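Participant: I am attaching a structure below and will ask some questions about it afterwards.
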Amino acid sequence: MMKFLITGANGQLGRAVCERYKDNKEIELVRTDVFEGDGIAALDITDSEAVIKFAQEVKPYAIINCAAHTAVDKCETDLDNAYKINAIGPRNLSIAAAKTGAKMVQISTDYVFAGDGTKPYTEFDEISPKSAYGKTKAEGEKFVMNFSDRFFIIRTAWLYGDGKNFVKTMLRLSQTNDEVSVVCDQIGSPTSTAVLTDIINNLIFTENYGIYHGTCEGMCSWADFTEEIFKLAGKKTRVNHITSDEYAAKFPQAAKRPAYSVLDNYMLRLNTGFVAKDWKAAIGEYMLWLKENGGID
């Protein structure tokens with residue numbers, strides 16, 4: 001039986017990965033997070049000795065790193081922890097993967113790019129992160145490439161799933177506001193954890209190692225995304241389109257956000273022929289899931 005060692009199992013992606021494989025009789029899930037409980041083992045990915053020892057005991061087929069310091073603004077002031085979790089953590093897991101012969105799956109981000117492009121970024125474009133979050137994730141990528149010889153680095157963006165996310169925040173605001181102001185000059189590809197797990201599944205059993213982009217197809221602004229969310233939820237809340245500068249004047253942010261961070265899943269299509277769902281189809285499925293699970297009033 002293959003064992004998948006999942007880090008960050010309590011997070012949005014960790015939950016989605018575990019849900020994907022929970023009924024697979026050929027896979028045993030070894031779920032870990034910072035704190036143990038409910039079948040989840042405690043594992044601090046920043047502790048190299050603990051990670052290596054744990055992996056040697058488990059002997060996993062694959063290590064899927066869903067753990068990350070994703071509080072973009074906090075990373076600017078919590079730099080040491082950001083580097084520990086986003087860079088040193090992947091380093092330790094990659095060393096453990098190499099020692100145990102496991103495949104390494106590292107989830108990265110659109111923030112590794114400058115965010116000032118005019119066409120979708122491919123895996124061959126040069127990275128140039130502008131925020132602490134992006135820089136720490138970029139260093140994590142380098143460590144994975146340096147220490148693991150069987151790795152999948154998957155860059156994703158605008159992720160939402162079972163947990164705290166932009167979709168739920170907008171729905172919550174719509175309950176008490178007749179209108180909301182959302183930026184319209186930041187463009188990206190909203191991506192569900194369900195789609196990202198499809199991409200992981202498409203790669204993990206292959207030898208097609210390397211760097212991949214893994215987002216939903218298509219692009220929109222945050223304001224466009226919000227309008228689609230409200231439409232699907234049957235909300236009448238008005239969406240005011242504002243610029244990033246206008247938003248920052250009201251709500252100052254420590255980290256610079258990418259103005260354009262659309263990722264082209266070029267290698268995914270080229271290497272495997274896999275085409276991800278369009279972002280509108282994915283959010284439609286997610287909203288149905290929320291309704292079924294009491295997430296929309």
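The way I read the labels, and the way they are meant: chains A, B, ... in the order of the structure tokens, residue 1 as the first residue of every chain, and ligand 1 as the first ligand shown, with later ones counted on from there.
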Could you pull out the strand (DSSP E or B) residues of region 216-254 of chain A, going by DSSP on the backbone, and write them as number ranges by chain?

Facilitator: A: 217, 220-221, 238-242

Participant: In terms of the shortest atom-to-atom distance over only C-alpha atoms, which of A:Ala281, A:Ala67, A:Met145, A:Ile107 is closest to Ser94 (chain A)?

Facilitator: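 Distance minimum relative to Ser94 (chain A) lands on A:Met145.
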
Participant: Running DSSP on the backbone, which parts of region 105-228 of chain A land in alpha helix (DSSP H), as a PyMOL selection string?

Facilitator: chain A and resi 132-147+166-174+193-204+222-228

Participant: Might you pull out every residue within 12 Å of region 141-144 of chain A, with only C-alpha atoms counted and same-chain residues fewer than 3 positions away left off, and present them as a VMD selection string?

Facilitator: chain A and resid 63 65 83 86 to 98 103 to 109 112 127 134 to 138 147 to 155 209 to 212

Participant: Let's have the selection written as a compact mmCIF listing (two decimals), in the first residue's frame, with N, CA and C atoms.

Facilitator:
# COMPACT_ATOMS: atom_id res chain seq x y z
N ILE A 63 5.44 12.72 -0.45
CA ILE A 63 5.23 13.75 0.57
C ILE A 63 4.54 14.92 -0.13
N ASN A 65 3.33 18.58 0.47
CA ASN A 65 3.46 19.68 1.42
C ASN A 65 2.37 20.72 1.21
N TYR A 83 10.25 32.47 6.51
CA TYR A 83 11.34 31.69 5.91
C TYR A 83 11.38 30.27 6.46
N ASN A 86 8.04 28.54 4.90
CA ASN A 86 7.94 28.52 3.44
C ASN A 86 9.21 28.09 2.73
N ALA A 87 10.34 28.16 3.40
CA ALA A 87 11.61 27.80 2.76
C ALA A 87 12.29 26.63 3.45
N ILE A 88 12.56 26.77 4.75
CA ILE A 88 13.24 25.70 5.48
C ILE A 88 12.37 24.45 5.56
N GLY A 89 11.07 24.62 5.74
CA GLY A 89 10.16 23.47 5.79
C GLY A 89 10.25 22.62 4.53
N PRO A 90 10.08 23.20 3.35
CA PRO A 90 10.23 22.43 2.11
C PRO A 90 11.62 21.80 1.96
N ARG A 91 12.65 22.53 2.44
CA ARG A 91 14.01 21.98 2.42
C ARG A 91 14.06 20.68 3.22
N ASN A 92 13.55 20.72 4.46
CA ASN A 92 13.59 19.54 5.32
C ASN A 92 12.79 18.39 4.72
N LEU A 93 11.64 18.70 4.19
CA LEU A 93 10.80 17.66 3.59
C LEU A 93 11.46 17.06 2.36
N SER A 94 12.18 17.89 1.59
CA SER A 94 12.86 17.40 0.38
C SER A 94 14.03 16.49 0.75
N ILE A 95 14.74 16.85 1.80
CA ILE A 95 15.83 15.99 2.27
C ILE A 95 15.26 14.65 2.74
N ALA A 96 14.14 14.71 3.47
CA ALA A 96 13.49 13.48 3.94
C ALA A 96 13.00 12.65 2.76
N ALA A 97 12.47 13.31 1.73
CA ALA A 97 12.00 12.60 0.54
C ALA A 97 13.16 11.89 -0.15
N ALA A 98 14.29 12.57 -0.26
CA ALA A 98 15.46 11.97 -0.90
C ALA A 98 15.97 10.77 -0.11
N LYS A 103 8.48 10.68 -3.53
CA LYS A 103 8.24 11.81 -4.41
C LYS A 103 7.87 13.02 -3.56
N MET A 104 8.28 14.19 -4.00
CA MET A 104 8.03 15.42 -3.25
C MET A 104 7.10 16.33 -4.04
N VAL A 105 5.98 16.71 -3.41
CA VAL A 105 5.04 17.65 -4.03
C VAL A 105 5.06 18.93 -3.21
N GLN A 106 5.51 20.01 -3.82
CA GLN A 106 5.59 21.31 -3.16
C GLN A 106 4.61 22.27 -3.83
N ILE A 107 3.75 22.89 -3.03
CA ILE A 107 2.80 23.86 -3.56
C ILE A 107 3.40 25.26 -3.44
N SER A 108 3.51 25.93 -4.57
CA SER A 108 4.06 27.27 -4.59
C SER A 108 2.98 28.26 -5.05
N THR A 109 3.40 29.43 -5.52
CA THR A 109 2.45 30.53 -5.67
C THR A 109 2.77 31.45 -6.84
N VAL A 112 5.65 34.40 -6.77
CA VAL A 112 7.08 34.31 -7.11
C VAL A 112 7.41 35.18 -8.33
N ILE A 127 11.39 34.30 -12.46
CA ILE A 127 10.70 34.73 -11.25
C ILE A 127 11.37 35.98 -10.70
N GLY A 134 6.29 36.08 -1.35
CA GLY A 134 6.79 35.57 -2.61
C GLY A 134 8.24 35.15 -2.55
N LYS A 135 9.05 35.93 -1.85
CA LYS A 135 10.48 35.62 -1.74
C LYS A 135 10.70 34.34 -0.95
N THR A 136 9.96 34.15 0.14
CA THR A 136 10.15 32.94 0.94
C THR A 136 9.67 31.70 0.18
N LYS A 137 8.59 31.84 -0.58
CA LYS A 137 8.10 30.70 -1.37
C LYS A 137 9.08 30.38 -2.50
N ALA A 138 9.69 31.41 -3.07
CA ALA A 138 10.68 31.19 -4.13
C ALA A 138 11.90 30.44 -3.59
N PHE A 147 17.44 19.65 -3.23
CA PHE A 147 17.55 18.50 -2.35
C PHE A 147 16.72 17.28 -2.76
N SER A 148 15.77 17.46 -3.65
CA SER A 148 14.96 16.33 -4.11
C SER A 148 15.21 16.09 -5.59
N ASP A 149 15.34 14.83 -5.96
CA ASP A 149 15.54 14.53 -7.38
C ASP A 149 14.25 14.03 -8.02
N ARG A 150 13.19 13.93 -7.23
CA ARG A 150 11.88 13.52 -7.78
C ARG A 150 10.83 14.45 -7.19
N PHE A 151 10.66 15.59 -7.84
CA PHE A 151 9.77 16.60 -7.28
C PHE A 151 8.78 17.14 -8.30
N PHE A 152 7.65 17.58 -7.76
CA PHE A 152 6.65 18.35 -8.51
C PHE A 152 6.45 19.66 -7.74
N ILE A 153 6.85 20.75 -8.33
CA ILE A 153 6.56 22.07 -7.76
C ILE A 153 5.36 22.61 -8.53
N ILE A 154 4.27 22.86 -7.82
CA ILE A 154 3.04 23.31 -8.47
C ILE A 154 2.68 24.70 -7.96
N ARG A 155 2.76 25.69 -8.85
CA ARG A 155 2.40 27.05 -8.48
C ARG A 155 0.91 27.26 -8.73
N TYR A 209 8.52 14.84 -13.61
CA TYR A 209 8.95 15.75 -12.57
C TYR A 209 9.25 17.14 -13.12
N GLY A 210 9.18 18.14 -12.23
CA GLY A 210 9.53 19.49 -12.64
C GLY A 210 8.60 20.54 -12.04
N ILE A 211 8.66 21.73 -12.63
CA ILE A 211 7.84 22.85 -12.19
C ILE A 211 6.59 22.95 -13.06
N TYR A 212 5.45 23.13 -12.41
CA TYR A 212 4.17 23.24 -13.11
C TYR A 212 3.38 24.42 -12.57

Participant: Would you kindly return, as a list in words, each protein, DNA or RNA residue with an atom no farther than 12 Å from any atom of Gln175 (chain A), considering only C-alpha atoms and excluding same-chain residues fewer than 6 positions away?

Facilitator: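 Result of the neighbour search: Lys168, Thr169, Phe230, Ala233, Gly234, Lys235, Lys236, Thr237, Arg238, Ile296 and Asp297 of chain A.
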
Participant: Give the answer as one residue: which of A:Ile283, A:Ala249, A:Ala194, A:Ala16 has the shortest atom-to-atom distance to Phe166 (chain A), using only C-alpha atoms?

Facilitator: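 Between A:Ile283, A:Ala249, A:Ala194, A:Ala16, the residue approaching Phe166 (chain A) most closely is A:Ile283.
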